>>> print(open('run_35.tsv').read())   # TSV, C-alpha atoms and all ligand atoms
chain	number	residue	atom	x	y	z
Z	1012	MET	CA	26.32	-15.46	-30.83
Z	1013	LYS	CA	28.99	-15.04	-28.20
Z	1014	PHE	CA	28.78	-16.62	-24.76
Z	1015	TRP	CA	28.56	-14.45	-21.68
Z	1016	SER	CA	30.73	-14.74	-18.61
Z	1017	SER	CA	30.98	-12.61	-15.51
Z	1018	ILE	CA	34.48	-11.39	-16.39
Z	1019	GLU	CA	33.38	-10.13	-19.79
Z	1020	LYS	CA	32.58	-6.46	-20.16
Z	1021	ARG	CA	28.99	-5.48	-20.93
Z	1022	LYS	CA	29.38	-3.22	-23.96
Z	1023	VAL	CA	26.64	-1.07	-25.49
Z	1024	ALA	CA	26.93	1.16	-28.56
Z	1025	ILE	CA	24.44	3.98	-29.15
Z	1026	VAL	CA	23.83	5.24	-32.70
Z	1027	GLY	CA	22.24	8.69	-32.52
Z	1028	THR	CA	23.32	10.86	-29.62
Z	1029	GLY	CA	20.41	13.30	-29.69
Z	1030	MET	CA	17.94	13.80	-26.85
Z	1031	VAL	CA	16.75	10.18	-26.74
Z	1032	GLY	CA	20.21	8.62	-27.15
Z	1033	MET	CA	21.70	10.82	-24.44
Z	1034	SER	CA	18.80	10.42	-22.00
Z	1035	TYR	CA	19.39	6.69	-22.37
Z	1036	ALA	CA	23.16	7.11	-21.91
Z	1037	TYR	CA	22.66	9.27	-18.80
Z	1038	ALA	CA	20.23	6.74	-17.29
Z	1039	MET	CA	22.64	3.88	-18.16
Z	1040	LEU	CA	25.43	5.70	-16.30
Z	1041	ASN	CA	23.24	6.48	-13.29
Z	1042	GLN	CA	22.12	2.86	-13.05
Z	1043	GLY	CA	25.58	1.39	-13.78
Z	1044	ALA	CA	23.86	-0.77	-16.40
Z	1045	CYS	CA	26.95	-1.60	-18.51
Z	1046	ASP	CA	30.75	-1.41	-18.36
Z	1047	GLU	CA	31.44	0.24	-21.70
Z	1048	LEU	CA	29.36	2.76	-23.63
Z	1049	VAL	CA	30.25	3.98	-27.13
Z	1050	LEU	CA	28.54	7.02	-28.64
Z	1051	ILE	CA	28.18	7.14	-32.43
Z	1052	ASP	CA	26.59	9.99	-34.38
Z	1053	LEU	CA	26.76	11.57	-37.83
Z	1054	ASN	CA	27.70	14.69	-35.88
Z	1055	ARG	CA	31.00	13.41	-34.45
Z	1056	GLU	CA	31.73	16.61	-32.57
Z	1057	ARG	CA	28.44	16.33	-30.72
Z	1058	ALA	CA	29.13	12.69	-29.79
Z	1059	ALA	CA	32.63	13.65	-28.56
Z	1060	GLY	CA	31.20	16.50	-26.45
Z	1061	GLU	CA	28.54	14.22	-24.97
Z	1062	ALA	CA	31.19	11.61	-24.06
Z	1063	MET	CA	33.30	14.29	-22.32
Z	1064	ASP	CA	30.30	15.60	-20.41
Z	1065	LEU	CA	29.29	12.13	-19.15
Z	1066	ASN	CA	32.89	11.21	-18.28
Z	1067	HIS	CA	33.11	14.29	-16.05
Z	1068	GLY	CA	30.30	12.86	-13.93
Z	1069	LEU	CA	32.12	9.53	-13.38
Z	1070	PRO	CA	33.56	10.48	-9.96
Z	1071	PHE	CA	29.96	10.63	-8.72
Z	1072	ALA	CA	28.62	7.57	-10.56
Z	1073	VAL	CA	27.44	4.31	-8.93
Z	1074	SER	CA	30.17	2.33	-10.72
Z	1075	ASN	CA	32.92	2.82	-13.23
Z	1076	MET	CA	32.16	2.94	-16.93
Z	1077	ARG	CA	34.30	3.39	-20.02
Z	1078	ILE	CA	32.56	6.04	-22.11
Z	1079	SER	CA	33.85	7.22	-25.49
Z	1080	ALA	CA	32.74	8.62	-28.82
Z	1081	GLY	CA	33.51	6.19	-31.61
Z	1082	ASP	CA	32.79	4.82	-35.04
Z	1083	TYR	CA	30.87	1.81	-36.33
Z	1084	ASP	CA	33.87	-0.54	-36.00
Z	1085	GLU	CA	33.23	-0.28	-32.22
Z	1086	CYS	CA	29.98	-2.24	-32.72
Z	1087	GLN	CA	31.99	-5.38	-33.58
Z	1088	ASP	CA	32.26	-6.64	-29.99
Z	1089	ALA	CA	29.24	-4.82	-28.53
Z	1090	ASP	CA	26.57	-6.89	-26.79
Z	1091	ILE	CA	23.84	-4.45	-27.76
Z	1092	VAL	CA	23.58	-1.69	-30.35
Z	1093	VAL	CA	20.82	0.83	-29.65
Z	1094	ILE	CA	19.56	2.86	-32.61
Z	1095	CYS	CA	18.01	6.25	-31.87
Z	1096	ALA	CA	19.29	8.16	-34.90
Z	1097	GLY	CA	16.61	10.04	-36.75
Z	1098	VAL	CA	15.81	13.02	-38.90
Z	1099	ALA	CA	13.17	15.60	-38.04
Z	1100	GLN	CA	10.24	16.48	-40.29
Z	1101	LYS	CA	11.09	19.29	-42.76
Z	1102	GLN	CA	8.58	22.03	-43.53
Z	1103	GLY	CA	6.12	20.89	-46.20
Z	1104	GLU	CA	7.25	17.28	-45.91
Z	1105	THR	CA	4.52	14.62	-45.77
Z	1106	ARG	CA	4.40	11.81	-43.19
Z	1107	LEU	CA	5.34	9.40	-45.98
Z	1108	ASP	CA	8.34	11.52	-47.05
Z	1109	LEU	CA	9.59	11.49	-43.45
Z	1110	LEU	CA	8.99	7.76	-43.18
Z	1111	GLN	CA	11.00	7.15	-46.35
Z	1112	ARG	CA	13.84	9.44	-45.25
Z	1113	ASN	CA	14.11	7.79	-41.83
Z	1114	ALA	CA	13.99	4.34	-43.46
Z	1115	GLU	CA	16.96	5.37	-45.64
Z	1116	VAL	CA	18.86	6.60	-42.55
Z	1117	LEU	CA	18.22	3.33	-40.73
Z	1118	LYS	CA	19.22	1.19	-43.72
Z	1119	SER	CA	22.53	3.04	-43.94
Z	1120	VAL	CA	23.08	2.80	-40.16
Z	1121	THR	CA	22.23	-0.94	-40.13
Z	1122	LYS	CA	24.59	-1.66	-43.02
Z	1123	GLN	CA	27.46	0.01	-41.17
Z	1124	ILE	CA	26.65	-1.87	-37.94
Z	1125	MET	CA	26.60	-5.18	-39.83
Z	1126	ASP	CA	29.84	-4.36	-41.71
Z	1127	SER	CA	31.60	-4.19	-38.32
Z	1128	GLY	CA	30.92	-7.92	-37.77
Z	1129	PHE	CA	28.40	-7.24	-34.97
Z	1130	THR	CA	26.70	-10.39	-33.60
Z	1131	GLY	CA	24.66	-9.10	-30.66
Z	1132	ILE	CA	21.18	-7.69	-30.06
Z	1133	ILE	CA	19.77	-4.59	-31.77
Z	1134	ILE	CA	17.32	-2.29	-29.98
Z	1135	VAL	CA	15.51	0.31	-32.13
Z	1136	ALA	CA	13.83	3.45	-30.74
Z	1137	THR	CA	13.63	5.63	-33.88
Z	1138	ASN	CA	10.03	6.49	-34.86
Z	1139	PRO	CA	7.78	5.25	-36.27
Z	1140	VAL	CA	9.38	2.52	-34.23
Z	1141	ASP	CA	7.41	-0.54	-35.40
Z	1142	ILE	CA	8.12	0.23	-39.06
Z	1143	MET	CA	11.77	1.20	-38.43
Z	1144	THR	CA	12.42	-2.01	-36.47
Z	1145	ARG	CA	11.09	-4.04	-39.40
Z	1146	VAL	CA	13.37	-2.10	-41.78
Z	1147	VAL	CA	16.40	-2.76	-39.53
Z	1148	GLN	CA	15.59	-6.47	-39.11
Z	1149	GLU	CA	15.16	-7.03	-42.85
Z	1150	CYS	CA	18.31	-5.05	-43.64
Z	1151	SER	CA	20.38	-6.84	-40.97
Z	1152	GLY	CA	19.33	-10.36	-41.98
Z	1153	PHE	CA	19.30	-11.18	-38.24
Z	1154	ASN	CA	16.79	-13.58	-36.75
Z	1155	SER	CA	13.85	-11.39	-35.68
Z	1156	LYS	CA	14.32	-12.46	-32.04
Z	1157	ARG	CA	17.52	-10.38	-31.98
Z	1158	VAL	CA	16.01	-7.15	-33.34
Z	1159	ILE	CA	13.76	-5.52	-30.75
Z	1160	GLY	CA	11.76	-2.30	-31.10
Z	1161	THR	CA	10.89	-0.27	-28.01
Z	1162	GLY	CA	7.24	-0.73	-29.10
Z	1163	THR	CA	4.72	0.11	-26.38
Z	1164	ILE	CA	7.14	-0.25	-23.44
Z	1165	LEU	CA	6.90	3.49	-22.69
Z	1166	ASP	CA	3.13	3.57	-23.29
Z	1167	THR	CA	2.77	0.67	-20.86
Z	1168	ALA	CA	4.88	2.55	-18.27
Z	1169	ARG	CA	2.63	5.60	-18.73
Z	1170	LEU	CA	-0.45	3.37	-18.29
Z	1171	ARG	CA	0.86	1.78	-15.09
Z	1172	TYR	CA	1.77	5.19	-13.69
Z	1173	MET	CA	-1.67	6.70	-14.46
Z	1174	VAL	CA	-3.68	3.68	-13.29
Z	1175	GLY	CA	-1.56	3.60	-10.14
Z	1176	GLU	CA	-2.42	7.26	-9.51
Z	1177	TYR	CA	-6.13	6.57	-10.13
Z	1178	PHE	CA	-6.33	3.68	-7.65
Z	1179	GLU	CA	-3.68	5.23	-5.35
Z	1180	VAL	CA	-1.49	2.15	-5.66
Z	1181	ASP	CA	2.21	1.75	-6.48
Z	1182	PRO	CA	2.45	1.54	-10.32
Z	1183	ARG	CA	4.64	-1.54	-9.88
Z	1184	ASN	CA	1.56	-3.37	-8.56
Z	1185	ILE	CA	-0.46	-2.52	-11.67
Z	1186	HIS	CA	-0.23	-5.27	-14.28
Z	1187	GLY	CA	-1.58	-4.24	-17.63
Z	1188	TYR	CA	-0.35	-3.48	-21.12
Z	1189	VAL	CA	-0.69	-1.09	-24.00
Z	1190	ILE	CA	-0.47	-3.16	-27.17
Z	1191	GLY	CA	-0.47	-2.53	-30.93
Z	1192	GLU	CA	1.27	0.25	-32.84
Z	1193	HIS	CA	3.38	2.73	-30.83
Z	1194	GLY	CA	1.06	5.48	-32.05
Z	1195	ASP	CA	-2.53	6.39	-32.75
Z	1196	SER	CA	-3.96	2.86	-33.11
Z	1197	GLU	CA	-2.48	1.52	-29.85
Z	1198	PHE	CA	-4.99	0.47	-27.15
Z	1199	VAL	CA	-5.33	-0.99	-23.65
Z	1200	PRO	CA	-6.92	-4.44	-23.38
Z	1201	TRP	CA	-8.66	-3.61	-20.10
Z	1202	SER	CA	-9.98	-7.18	-19.80
Z	1203	GLN	CA	-6.38	-8.15	-18.88
Z	1204	ALA	CA	-5.45	-5.25	-16.56
Z	1205	LEU	CA	-4.93	-6.19	-12.92
Z	1206	LEU	CA	-4.36	-4.39	-9.62
Z	1207	SER	CA	-2.34	-6.98	-7.76
Z	1208	THR	CA	-4.35	-10.10	-8.75
Z	1209	LYS	CA	-7.75	-8.43	-9.24
Z	1210	ARG	CA	-9.10	-7.23	-12.61
Z	1211	VAL	CA	-9.51	-3.44	-12.62
Z	1212	VAL	CA	-12.86	-3.75	-14.48
Z	1213	GLU	CA	-14.14	-5.86	-11.55
Z	1214	ILE	CA	-12.97	-3.20	-9.08
Z	1215	CYS	CA	-14.95	-0.61	-11.10
Z	1216	LYS	CA	-18.09	-2.78	-10.97
Z	1217	GLU	CA	-17.82	-3.36	-7.21
Z	1218	ASN	CA	-16.82	0.13	-6.06
Z	1219	ASN	CA	-18.69	3.20	-7.34
Z	1220	ARG	CA	-15.68	5.44	-6.63
Z	1221	TYR	CA	-14.18	3.99	-9.81
Z	1222	SER	CA	-15.58	3.68	-13.34
Z	1223	ILE	CA	-14.75	2.13	-16.72
Z	1224	GLU	CA	-15.37	5.58	-18.28
Z	1225	GLU	CA	-12.48	6.99	-16.22
Z	1226	LEU	CA	-10.28	4.08	-17.30
Z	1227	GLU	CA	-11.10	4.90	-20.94
Z	1228	LYS	CA	-10.02	8.50	-20.26
Z	1229	ILE	CA	-6.71	7.13	-18.98
Z	1230	SER	CA	-6.28	5.14	-22.24
Z	1231	GLU	CA	-6.78	8.35	-24.17
Z	1232	GLN	CA	-4.29	10.26	-21.99
Z	1233	VAL	CA	-1.72	7.51	-22.52
Z	1234	ARG	CA	-2.30	7.54	-26.30
Z	1235	THR	CA	-1.92	11.33	-26.50
Z	1236	SER	CA	0.90	11.75	-23.92
Z	1237	ALA	CA	3.59	12.25	-26.56
Z	1238	TYR	CA	1.57	15.04	-28.23
Z	1239	THR	CA	1.03	16.76	-24.87
Z	1240	ILE	CA	4.74	16.57	-23.92
Z	1241	ILE	CA	5.91	17.66	-27.40
Z	1242	LYS	CA	3.54	20.68	-27.26
Z	1243	ALA	CA	5.05	21.67	-23.92
Z	1244	LYS	CA	8.79	20.96	-24.52
Z	1245	ASN	CA	9.24	19.96	-28.20
Z	1246	ALA	CA	10.35	16.37	-27.63
Z	1247	THR	CA	10.05	13.40	-25.26
Z	1248	TYR	CA	13.20	11.69	-24.04
Z	1249	TYR	CA	13.53	10.88	-20.29
Z	1250	GLY	CA	10.71	8.29	-20.22
Z	1251	ILE	CA	11.92	6.51	-23.37
Z	1252	GLY	CA	15.54	6.68	-22.13
Z	1253	MET	CA	14.59	4.90	-18.89
Z	1254	SER	CA	12.41	2.40	-20.77
Z	1255	MET	CA	15.39	1.51	-22.96
Z	1256	VAL	CA	17.60	0.99	-19.89
Z	1257	ARG	CA	14.96	-1.38	-18.49
Z	1258	LEU	CA	15.05	-3.33	-21.77
Z	1259	THR	CA	18.86	-3.33	-21.84
Z	1260	LYS	CA	19.02	-4.70	-18.27
Z	1261	ALA	CA	16.53	-7.44	-19.16
Z	1262	VAL	CA	18.83	-8.52	-22.02
Z	1263	LEU	CA	22.21	-8.18	-20.29
Z	1264	GLY	CA	20.94	-9.76	-17.05
Z	1265	ASN	CA	19.16	-12.59	-18.93
Z	1266	GLU	CA	16.13	-11.65	-16.82
Z	1267	ASN	CA	13.35	-13.28	-18.85
Z	1268	SER	CA	11.25	-10.23	-17.96
Z	1269	VAL	CA	7.91	-9.51	-19.63
Z	1270	LEU	CA	8.06	-6.20	-21.52
Z	1271	THR	CA	5.81	-4.84	-24.28
Z	1272	VAL	CA	8.33	-4.48	-27.09
Z	1273	SER	CA	7.86	-4.35	-30.83
Z	1274	ALA	CA	8.35	-7.93	-32.03
Z	1275	LYS	CA	7.86	-9.62	-35.39
Z	1276	LEU	CA	4.74	-11.80	-35.31
Z	1277	THR	CA	5.07	-15.17	-37.04
Z	1278	GLY	CA	1.59	-16.60	-36.56
Z	1279	GLU	CA	0.93	-15.20	-33.07
Z	1280	TYR	CA	-2.45	-13.42	-32.82
Z	1281	GLY	CA	-3.10	-14.73	-36.38
Z	1282	GLN	CA	-0.60	-12.19	-37.82
Z	1283	ASN	CA	2.47	-12.70	-39.98
Z	1284	GLY	CA	5.46	-10.48	-40.73
Z	1285	VAL	CA	4.34	-7.32	-38.92
Z	1286	TYR	CA	6.41	-5.77	-36.07
Z	1287	VAL	CA	4.02	-4.62	-33.32
Z	1288	GLY	CA	3.97	-3.95	-29.55
Z	1289	VAL	CA	3.05	-7.12	-27.63
Z	1290	PRO	CA	4.17	-8.58	-24.27
Z	1291	CYS	CA	7.35	-10.62	-24.77
Z	1292	ILE	CA	9.78	-12.51	-22.55
Z	1293	ILE	CA	13.12	-10.71	-22.87
Z	1294	GLY	CA	16.46	-12.30	-22.00
Z	1295	ARG	CA	20.05	-12.69	-23.18
Z	1296	SER	CA	19.09	-13.94	-26.63
Z	1297	GLY	CA	16.57	-11.14	-27.19
Z	1298	ILE	CA	12.89	-12.02	-27.57
Z	1299	GLY	CA	12.61	-15.46	-25.99
Z	1300	LYS	CA	8.88	-15.80	-26.46
Z	1301	ILE	CA	5.95	-13.69	-27.66
Z	1302	LEU	CA	3.06	-14.00	-25.18
Z	1303	GLU	CA	-0.44	-14.36	-26.62
Z	1304	ILE	CA	-2.71	-12.80	-24.02
Z	1305	ASP	CA	-6.47	-13.49	-24.06
Z	1306	LEU	CA	-8.38	-10.70	-25.78
Z	1307	THR	CA	-12.13	-10.05	-26.04
Z	1308	ASP	CA	-13.60	-9.96	-29.57
Z	1309	GLU	CA	-13.59	-6.15	-29.48
Z	1310	GLU	CA	-9.93	-6.09	-28.40
Z	1311	LYS	CA	-9.02	-8.61	-31.12
Z	1312	GLY	CA	-10.65	-6.28	-33.67
Z	1313	LYS	CA	-8.58	-3.33	-32.41
Z	1314	PHE	CA	-5.38	-5.37	-32.56
Z	1315	ILE	CA	-6.02	-6.56	-36.13
Z	1316	ALA	CA	-6.77	-2.95	-37.19
Z	1317	SER	CA	-3.53	-1.72	-35.58
Z	1318	CYS	CA	-1.50	-4.43	-37.37
Z	1319	LYS	CA	-3.15	-3.47	-40.67
Z	1320	THR	CA	-2.19	0.20	-40.16
Z	1321	LEU	CA	1.44	-0.88	-39.66
Z	1322	SER	CA	1.49	-3.28	-42.62
Z	1323	ASP	CA	-0.04	-0.63	-44.89
Z	1324	SER	CA	2.60	1.95	-43.82
Z	1325	TYR	CA	5.40	-0.56	-44.37
Z	1326	ASP	CA	4.05	-1.42	-47.84
Z	1327	GLU	CA	3.96	2.31	-48.69
Z	1328	ILE	CA	7.70	2.69	-48.12
Z	1329	ILE	CA	8.87	-0.47	-49.83
Z	1330	ASN	CA	6.67	-0.01	-52.92
S	1401	LIG	P1	17.44	14.31	-32.06
S	1401	LIG	O1	17.18	15.09	-33.30
S	1401	LIG	O2	17.69	15.01	-30.77
S	1401	LIG	O3	18.64	13.29	-32.31
S	1401	LIG	C1	18.79	12.54	-33.48
S	1401	LIG	C2	20.26	12.25	-33.65
S	1401	LIG	O4	20.41	11.35	-34.76
S	1401	LIG	C3	21.09	13.52	-33.95
S	1401	LIG	O5	22.15	13.64	-33.02
S	1401	LIG	C4	21.57	13.29	-35.38
S	1401	LIG	O6	22.85	13.84	-35.62
S	1401	LIG	C5	21.61	11.76	-35.43
S	1401	LIG	N1	21.60	11.24	-36.80
S	1401	LIG	C6	20.83	11.60	-37.85
S	1401	LIG	N2	21.14	10.89	-38.94
S	1401	LIG	C7	22.13	10.04	-38.57
S	1401	LIG	C8	22.87	9.03	-39.25
S	1401	LIG	N3	22.65	8.77	-40.55
S	1401	LIG	N4	23.79	8.35	-38.55
S	1401	LIG	C9	24.04	8.61	-37.23
S	1401	LIG	N5	23.36	9.55	-36.54
S	1401	LIG	C10	22.43	10.25	-37.21
S	1401	LIG	O7	16.15	13.35	-31.93
S	1401	LIG	P2	15.66	12.61	-30.58
S	1401	LIG	O8	14.72	13.48	-29.85
S	1401	LIG	O9	16.85	12.04	-29.90
S	1401	LIG	O10	14.78	11.41	-31.20
S	1401	LIG	C11	15.41	10.33	-31.87
S	1401	LIG	C12	14.35	9.36	-32.39
S	1401	LIG	O11	13.69	8.73	-31.27
S	1401	LIG	C13	13.23	10.05	-33.20
S	1401	LIG	O12	12.90	9.23	-34.30
S	1401	LIG	C14	12.09	10.12	-32.20
S	1401	LIG	O13	10.83	10.18	-32.85
S	1401	LIG	C15	12.29	8.81	-31.50
S	1401	LIG	N6	11.57	8.64	-30.21
S	1401	LIG	C16	11.07	7.42	-29.97
S	1401	LIG	C17	10.35	7.19	-28.82
S	1401	LIG	C18	9.78	5.80	-28.60
S	1401	LIG	O14	8.94	5.60	-27.70
S	1401	LIG	N7	10.19	4.83	-29.36
S	1401	LIG	C19	10.15	8.21	-27.89
S	1401	LIG	C20	10.70	9.46	-28.16
S	1401	LIG	C21	11.41	9.67	-29.35
>>> encode(input="run_35.tsv", output="structure tokens", more="lines below")
Ligand code: NAD
Amino acid sequence: MKFWSSIEKRKVAIVGTGMVGMSYAYAMLNQGACDELVLIDLNRERAAGEAMDLNHGLPFAVSNMRISAGDYDECQDADIVVICAGVAQKQGETRLDLLQRNAEVLKSVTKQIMDSGFTGIIIVATNPVDIMTRVVQECSGFNSKRVIGTGTILDTARLRYMVGEYFEVDPRNIHGYVIGEHGDSEFVPWSQALLSTKRVVEICKENNRYSIEELEKISEQVRTSAYTIIKAKNATYYGIGMSMVRLTKAVLGNENSVLTVSAKLTGEYGQNGVYVGVPCIIGRSGIGKILEIDLTDEEKGKFIASCKTLSDSYDEIIN
């Protein structure tokens, strides 16, 4: 692991310069979140075009940035490699076929990243993200603290936004999480959701303007947001791009920020081996600590079921 000093350049390599990769790159540029950005894609021409396009915006950017299209050897001295390469579902292809094909893509990508001599932090966004992060971690041989999936970071942002709208409060003052799989079995442990320092379930009990039933509707809207956006515009990318910048800044700035990323559980919540979305402290060495929040018995049941869904899917692709 290399040491960080203020004169060193913050270098990030992106593998997969599709909608997600480029929304992330665009947000990185607009927030001046690194000094050097390398774009890698199977489609080299596309990566080169994207680099040109971003470079032409530099005169209007908040700070300078070296942006180029490159190859895997560029990962060697990168601080972070972000993986958002993926293949789309083909007609007639089952969910399992797609899972297996994406796992093969990520194994090949990880091997090439590792062959460069890379020693930094890997962030994975490719879906199904919890399974793909586990594939990348096992293939890389890295300590699991250094391989982070985007997990439920975006789902948590959607939750905070919607709960903020409901209570007419700045989403930054809503403290709550979506945990579990980034997908159908994710859920909100409402027992731990706060507006400032007050539990939202208590607010619902005390004020008849608000209700737990409405909060449950918000959970459902969060869980189905991706389907709604995909129906309207075929893909989701801005929200995840900004979520990944938030995660990148937490790492590069050694912020020790709490973010709901996909992390490998090694005994936490009574689970072992599975990558799943849970609140974690994120800093320069990746996942510093996995937080075990208090859950009601019902919430514990939902979490165990979500972990089982992920373990079963992972077993399907390795067997
Ligand atoms: P996209 O099709 O626009 O881009 C995928 C890119 O990957 C393409 O440019 C393609 O050329 C590249 N690619 C494919 N195989 C490659 C390989 N072997 N090596 C290098 N590059 C390769 O897709 P997108 O909309 O950008 O989505 C990317 C992934 O992000 C998908 O898996 C999607 O489901 C996922 N996603 C995740 C979240 C999240 O919350 N984690 C949110 C939205 C999308």
>>> residues_near_ligand(input="run_35.tsv", ligand="ligand LIG 1401 (chain S)", cutoff="6 Å", atoms="only C-alpha atoms and all ligand atoms", output="list in words")
Val1026, Gly1027, Thr1028, Gly1029, Met1030, Val1031, Gly1032, Asp1052, Leu1053, Asn1054, Cys1095, Ala1096, Gly1097, Val1098, Val1116, Val1120, Ala1136, Thr1137, Asn1138, Val1140, Thr1161, Leu1165, Ala1246, Thr1247, Tyr1248 and Ile1251 of chain Z
>>> closest_residue(input="run_35.tsv", among="Z:Arg1021, Z:Arg1295, Z:Arg1112, Z:Lys1311", to="Met1039 of chain Z", atoms="all atoms listed in the file")
Z:Arg1021
>>> atom_distance(input="run_35.tsv", atom1="atom CA of Gln1087 of chain Z", atom2="atom CA of Ser1273 of chain Z")
24.3 Å
>>> axis_aligned_box(input="run_35.tsv", around="segment 1179-1191 of chain Z", padding_each_side="3 Å", output="lines of an AutoDock Vina configuration file")
center_x = 0.5
center_y = 0.0
center_z = -18.1
size_x = 14.3
size_y = 16.5
size_z = 31.6
>>> residues_around(input="run_35.tsv", residues="Leu1110 of chain Z", least_positions_apart="6", cutoff="10 Å", atoms="all atoms listed in the file", output="list in words")
Val1098, Gln1100, Val1116, Asn1138, Pro1139, Ile1142, Met1143, Ser1324, Tyr1325, Glu1327 and Ile1328 of chain Z
>>> closest_residue(input="run_35.tsv", among="Z:Asp1166, Z:Glu1047, Z:Asp1308, Z:Glu1019", to="Glu1197 of chain Z", atoms="only C-alpha atoms")
Z:Asp1166
>>> closest_residue(input="run_35.tsv", among="Z:Glu1104, Z:Glu1115, Z:Glu1179, Z:Glu1061", to="Ala1080 of chain Z", atoms="all atoms listed in the file")
Z:Glu1061
>>> residues_around(input="run_35.tsv", residues="Val1269 of chain Z", least_positions_apart="4", cutoff="12 Å", atoms="all atoms listed in the file", output="PDB file with C-alpha atoms, in the coordinates of the input")
ATOM      1  CA  ILE Z1164       7.140  -0.250 -23.440  1.00  0.00           C
ATOM      2  CA  THR Z1167       2.770   0.670 -20.860  1.00  0.00           C
ATOM      3  CA  HIS Z1186      -0.230  -5.270 -14.280  1.00  0.00           C
ATOM      4  CA  GLY Z1187      -1.580  -4.240 -17.630  1.00  0.00           C
ATOM      5  CA  TYR Z1188      -0.350  -3.480 -21.120  1.00  0.00           C
ATOM      6  CA  ARG Z1257      14.960  -1.380 -18.490  1.00  0.00           C
ATOM      7  CA  LEU Z1258      15.050  -3.330 -21.770  1.00  0.00           C
ATOM      8  CA  ALA Z1261      16.530  -7.440 -19.160  1.00  0.00           C
ATOM      9  CA  VAL Z1262      18.830  -8.520 -22.020  1.00  0.00           C
ATOM     10  CA  ASN Z1265      19.160 -12.590 -18.930  1.00  0.00           C
ATOM     11  CA  VAL Z1289       3.050  -7.120 -27.630  1.00  0.00           C
ATOM     12  CA  PRO Z1290       4.170  -8.580 -24.270  1.00  0.00           C
ATOM     13  CA  CYS Z1291       7.350 -10.620 -24.770  1.00  0.00           C
ATOM     14  CA  ILE Z1292       9.780 -12.510 -22.550  1.00  0.00           C
ATOM     15  CA  ILE Z1293      13.120 -10.710 -22.870  1.00  0.00           C
ATOM     16  CA  GLY Z1294      16.460 -12.300 -22.000  1.00  0.00           C
ATOM     17  CA  GLY Z1297      16.570 -11.140 -27.190  1.00  0.00           C
ATOM     18  CA  ILE Z1298      12.890 -12.020 -27.570  1.00  0.00           C
ATOM     19  CA  GLY Z1299      12.610 -15.460 -25.990  1.00  0.00           C
ATOM     20  CA  LYS Z1300       8.880 -15.800 -26.460  1.00  0.00           C
ATOM     21  CA  ILE Z1301       5.950 -13.690 -27.660  1.00  0.00           C
ATOM     22  CA  LEU Z1302       3.060 -14.000 -25.180  1.00  0.00           C
ATOM     23  CA  GLU Z1303      -0.440 -14.360 -26.620  1.00  0.00           C
ATOM     24  CA  ILE Z1304      -2.710 -12.800 -24.020  1.00  0.00           C
TER      25      ILE Z1304
END
>>> atom_distance(input="run_35.tsv", atom1="atom CA of Thr1144 of chain Z", atom2="atom CA of Tyr1083 of chain Z")
18.8 Å
>>> closest_residue(input="run_35.tsv", among="Z:Val1285, Z:Leu1109, Z:Leu1270, Z:Val1147", to="Met1125 of chain Z", atoms="all atoms listed in the file")
Z:Val1147
>>> atom_distance(input="run_35.tsv", atom1="atom CA of Leu1048 of chain Z", atom2="atom CA of Ile1132 of chain Z")
14.7 Å
>>> residues_around(input="run_35.tsv", residues="Ser1127 of chain Z", least_positions_apart="5", cutoff="10 Å", atoms="only C-alpha atoms", output="list in words")
Asp1082, Tyr1083, Asp1084, Glu1085, Cys1086, Gln1087, Asp1088 and Lys1122 of chain Z
